[in-house]
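For reference, data.tsv is printed below; it contains TSV, C-alpha atoms.
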chain	number	residue	atom	x	y	z
K	1	MET	CA	0.00	0.00	0.00
K	2	ALA	CA	1.39	3.39	-1.01
K	3	ARG	CA	2.02	6.18	1.43
K	4	PRO	CA	-0.41	9.08	1.31
K	5	ARG	CA	0.86	12.28	-0.25
K	6	SER	CA	1.98	15.02	2.09
K	7	PHE	CA	0.28	17.65	-0.12
K	8	THR	CA	-2.75	17.96	-2.35
K	9	GLU	CA	-2.79	18.54	-6.09
K	10	ASP	CA	-4.31	21.98	-5.56
K	11	GLU	CA	-1.47	22.98	-3.23
K	12	LEU	CA	1.02	21.83	-5.85
K	13	ILE	CA	-0.74	23.76	-8.64
K	14	ALA	CA	-0.72	26.86	-6.43
K	15	LEU	CA	3.01	26.42	-5.83
K	16	ILE	CA	3.62	26.04	-9.57
K	17	ASN	CA	1.68	29.26	-10.19
K	18	GLU	CA	3.73	31.10	-7.55
K	19	TYR	CA	6.96	29.86	-9.11
K	20	TYR	CA	5.83	30.81	-12.61
K	21	LEU	CA	4.82	34.30	-11.49
K	22	GLU	CA	8.22	34.83	-9.90
K	23	TYR	CA	10.16	33.32	-12.83
K	24	PRO	CA	7.98	33.81	-15.93
K	25	ASN	CA	10.59	33.25	-18.65
K	26	ARG	CA	12.10	30.04	-17.27
K	27	MET	CA	11.25	26.52	-18.22
K	28	ILE	CA	9.83	24.83	-15.12
K	29	LYS	CA	11.87	21.87	-13.85
K	30	THR	CA	10.78	19.75	-10.93
K	31	SER	CA	14.16	20.10	-9.23
K	32	ASP	CA	13.93	23.91	-9.42
K	33	LEU	CA	10.37	23.72	-8.15
K	34	GLU	CA	11.48	21.58	-5.20
K	35	ARG	CA	14.23	24.06	-4.36
K	36	TYR	CA	11.76	26.94	-4.60
K	37	ALA	CA	9.27	25.14	-2.33
K	38	ARG	CA	11.95	24.38	0.24
K	39	THR	CA	13.09	28.02	0.42
K	40	HIS	CA	9.49	29.24	0.69
K	41	GLY	CA	8.48	27.09	3.65
K	42	HIS	CA	7.24	23.91	1.96
K	43	PRO	CA	9.80	21.19	2.69
K	44	ASN	CA	7.33	18.39	1.92
K	45	PHE	CA	7.35	19.03	-1.86
K	46	LYS	CA	9.93	16.66	-3.36
K	47	ALA	CA	10.90	16.49	-7.03
K	48	TYR	CA	10.01	12.80	-7.33
K	49	SER	CA	6.56	13.35	-5.82
K	50	ILE	CA	5.95	16.31	-8.13
K	51	ARG	CA	6.89	14.15	-11.13
K	52	ARG	CA	4.48	11.43	-9.98
K	53	CYS	CA	1.51	13.79	-9.84
K	54	ALA	CA	-0.08	13.48	-13.30
K	55	LYS	CA	-2.14	16.67	-13.03
K	56	ALA	CA	0.89	18.74	-12.03
K	57	LYS	CA	3.09	17.15	-14.70
K	58	GLN	CA	0.51	17.97	-17.37
K	59	TYR	CA	0.19	21.54	-16.04
K	60	ILE	CA	3.97	22.04	-16.07
K	61	ASP	CA	4.22	20.64	-19.61
K	62	GLN	CA	1.47	23.02	-20.76
K	63	ILE	CA	3.19	26.04	-19.19
K	64	ASN	CA	6.55	25.05	-20.68
K	65	ALA	CA	5.00	24.58	-24.14
K	66	ASN	CA	3.32	28.00	-23.98
K	67	ASN	CA	6.55	29.50	-22.70
K	68	GLN	CA	8.51	28.00	-25.59
K	69	VAL	CA	6.06	29.40	-28.16
K	70	THR	CA	6.29	32.83	-26.51
K	71	LEU	CA	10.09	32.73	-26.51
K	72	GLU	CA	10.15	31.71	-30.17
K	73	THR	CA	7.90	34.58	-31.24
K	74	THR	CA	9.75	37.24	-29.24
K	75	ILE	CA	13.17	36.65	-30.78
K	76	VAL	CA	13.33	39.04	-33.71
K	77	THR	CA	16.47	40.47	-35.25
K	78	TRP	CA	17.11	43.01	-37.92
K	79	ARG	CA	20.19	43.24	-40.09
K	80	GLN	CA	20.79	45.86	-42.68
K	81	LEU	CA	20.96	44.35	-46.14
K	82	ASP	CA	24.41	44.41	-47.70
K	83	VAL	CA	23.27	44.78	-51.29
K	84	ASP	CA	26.60	43.92	-52.92
K	85	ALA	CA	27.02	40.73	-50.90
K	86	PHE	CA	23.37	39.84	-51.50
K	87	LEU	CA	23.75	40.22	-55.27
K	88	ASN	CA	27.06	38.31	-55.29
K	89	LEU	CA	25.47	35.45	-53.38
K	90	ASN	CA	22.36	35.36	-55.58
K	91	ARG	CA	23.64	35.76	-59.13
K	92	SER	CA	20.90	34.05	-61.13
K	93	ARG	CA	17.38	35.33	-61.46
K	94	SER	CA	15.89	32.27	-59.72
K	95	ASP	CA	18.35	32.51	-56.77
K	96	LEU	CA	17.56	36.20	-56.40
K	97	LYS	CA	13.84	35.50	-56.54
K	98	ASN	CA	14.09	32.77	-53.85
K	99	ALA	CA	16.22	34.96	-51.58
K	100	LEU	CA	13.75	37.85	-51.87
K	101	ILE	CA	10.82	35.51	-51.13
K	102	GLN	CA	12.60	34.20	-48.00
K	103	ARG	CA	13.37	37.71	-46.83
K	104	ASP	CA	9.79	38.82	-47.47
K	105	ASN	CA	8.43	35.81	-45.54
K	106	TYR	CA	10.73	36.60	-42.62
K	107	TYR	CA	9.53	40.19	-42.38
K	108	GLY	CA	5.93	39.00	-42.74
K	109	GLU	CA	6.51	36.80	-39.69
K	110	VAL	CA	8.04	39.77	-37.86
K	111	CYS	CA	4.94	41.85	-38.62
K	112	ARG	CA	2.65	39.04	-37.45
K	113	SER	CA	4.61	38.78	-34.22
K	114	ALA	CA	4.45	42.56	-33.71
K	115	GLY	CA	0.70	42.45	-34.26
K	116	GLU	CA	0.36	39.77	-31.60
K	117	PHE	CA	2.35	41.90	-29.16
K	118	LEU	CA	0.14	44.90	-29.84
K	119	ARG	CA	-3.01	42.82	-29.28
K	120	ASP	CA	-1.54	41.45	-26.04
K	121	LYS	CA	-0.64	44.98	-24.94
K	122	GLU	CA	-4.19	46.23	-25.58
K	123	ARG	CA	-5.69	43.22	-23.82
K	124	LEU	CA	-3.42	43.70	-20.79
K	125	GLU	CA	-4.12	47.44	-20.62
K	126	ALA	CA	-7.85	46.71	-20.62
K	127	LYS	CA	-7.33	44.15	-17.86
K	128	ILE	CA	-5.30	46.67	-15.83
K	129	ASN	CA	-8.06	49.27	-16.19
K	130	ARG	CA	-10.71	46.73	-15.19
K	131	MET	CA	-8.69	45.63	-12.15
K	132	ASN	CA	-8.01	49.24	-11.11
K	133	SER	CA	-11.75	49.96	-11.17
K	134	GLU	CA	-12.36	46.80	-9.10
K	135	ILE	CA	-9.72	47.97	-6.60
K	136	ASN	CA	-11.40	51.38	-6.35
K	137	ASN	CA	-14.81	49.74	-5.84
K	138	LEU	CA	-13.41	47.52	-3.11
K	139	LYS	CA	-11.72	50.49	-1.41
K	140	ASN	CA	-15.03	52.32	-1.44
K	141	GLN	CA	-16.77	49.28	0.07
K	142	VAL	CA	-14.11	49.05	2.79
K	143	ALA	CA	-14.50	52.76	3.57
K	144	GLU	CA	-18.29	52.35	3.81
K	145	LEU	CA	-17.94	49.34	6.08
K	146	GLU	CA	-15.48	51.14	8.34
K	147	GLN	CA	-17.94	53.98	8.81
Would you mind writing the file out in structure tokens?
Amino acid sequence: MARPRSFTEDELIALINEYYLEYPNRMIKTSDLERYARTHGHPNFKAYSIRRCAKAKQYIDQINANNQVTLETTIVTWRQLDVDAFLNLNRSRSDLKNALIQRDNYYGEVCRSAGEFLRDKERLEAKINRMNSEINNLKNQVAELEQ
């Protein structure tokens, strides 16, 4: 008969959320999560027990997959085109055509990524405004209750 867990799945999910909020751009590893739990007053969370929890493992995999997609879309570089080198490298008409199509596709992807960032920015600004109004409403309720 197996030993009962020293924590619930909900406690583990909450810990994962705390860790992710503190380290948003890192891939979540169970060993790092165990270390984080130990330093934040939860010595009963062990890496092997985190790995054995199917719900937590699935949640971590989902966060890491979303994180990877985000990291891939944020890496954008720009290099000025060296026209002479470009023309020397692509001498024939077909090579030149293919190189221009690749460059155009790259900048199309950059524009798509920028559009996503702008949509995220607008969505987050709306959320901030909504939360600020909620905070003000709650402050007003607290003031009324204190009186």
Of the listed residues K:Tyr48, K:Leu12, K:Ala56, K:Asn64, that which approaches Met27 in chain K most closely, counting only C-alpha atoms: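 Using only C-alpha atoms, the shortest distance to Met27 in chain K belongs to K:Asn64.
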Contacts of Pro43 in chain K within 9 Å, all atoms listed in the file, excl. fewer than 6 positions in-chain, as number ranges by chain: K: 34-35, 37
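You will find CA of Ser113 in chain K at 24.2 Å from CA of Ile28 in chain K.
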Proximity to Gln58 in chain K - best of K:Gly41, K:Ile13, K:Asn105, K:Leu21, all atoms listed in the file: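 Smallest distance to Gln58 in chain K is found for K:Ile13.
Atom pair CA of His42 in chain K / CA of Gln68 in chain K has a distance of 27.9 Å (rounded to one decimal).
In this comparison, which uses all atoms listed in the file, the residue of K:Lys46, K:Arg38, K:Lys29, K:Arg91 approaching Phe7 in chain K most closely is K:Lys46.
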One-decimal distance in Å that lies between CA of Lys127 in chain K and CA of Asp10 in chain K: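 The value is 25.5 Å.
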Among listed residues K:Asp84, K:Ile63, K:Glu11, K:Arg52, nearest Tyr23 in chain K (using only C-alpha atoms):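 Between K:Asp84, K:Ile63, K:Glu11, K:Arg52, the residue approaching Tyr23 in chain K most closely is K:Ile63.
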K:Tyr20, K:Trp78, K:Phe45, K:Phe86 ranked by distance to Tyr59 in chain K, top pick (using all atoms listed in the file):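 Distance minimum relative to Tyr59 in chain K lands on K:Tyr20.
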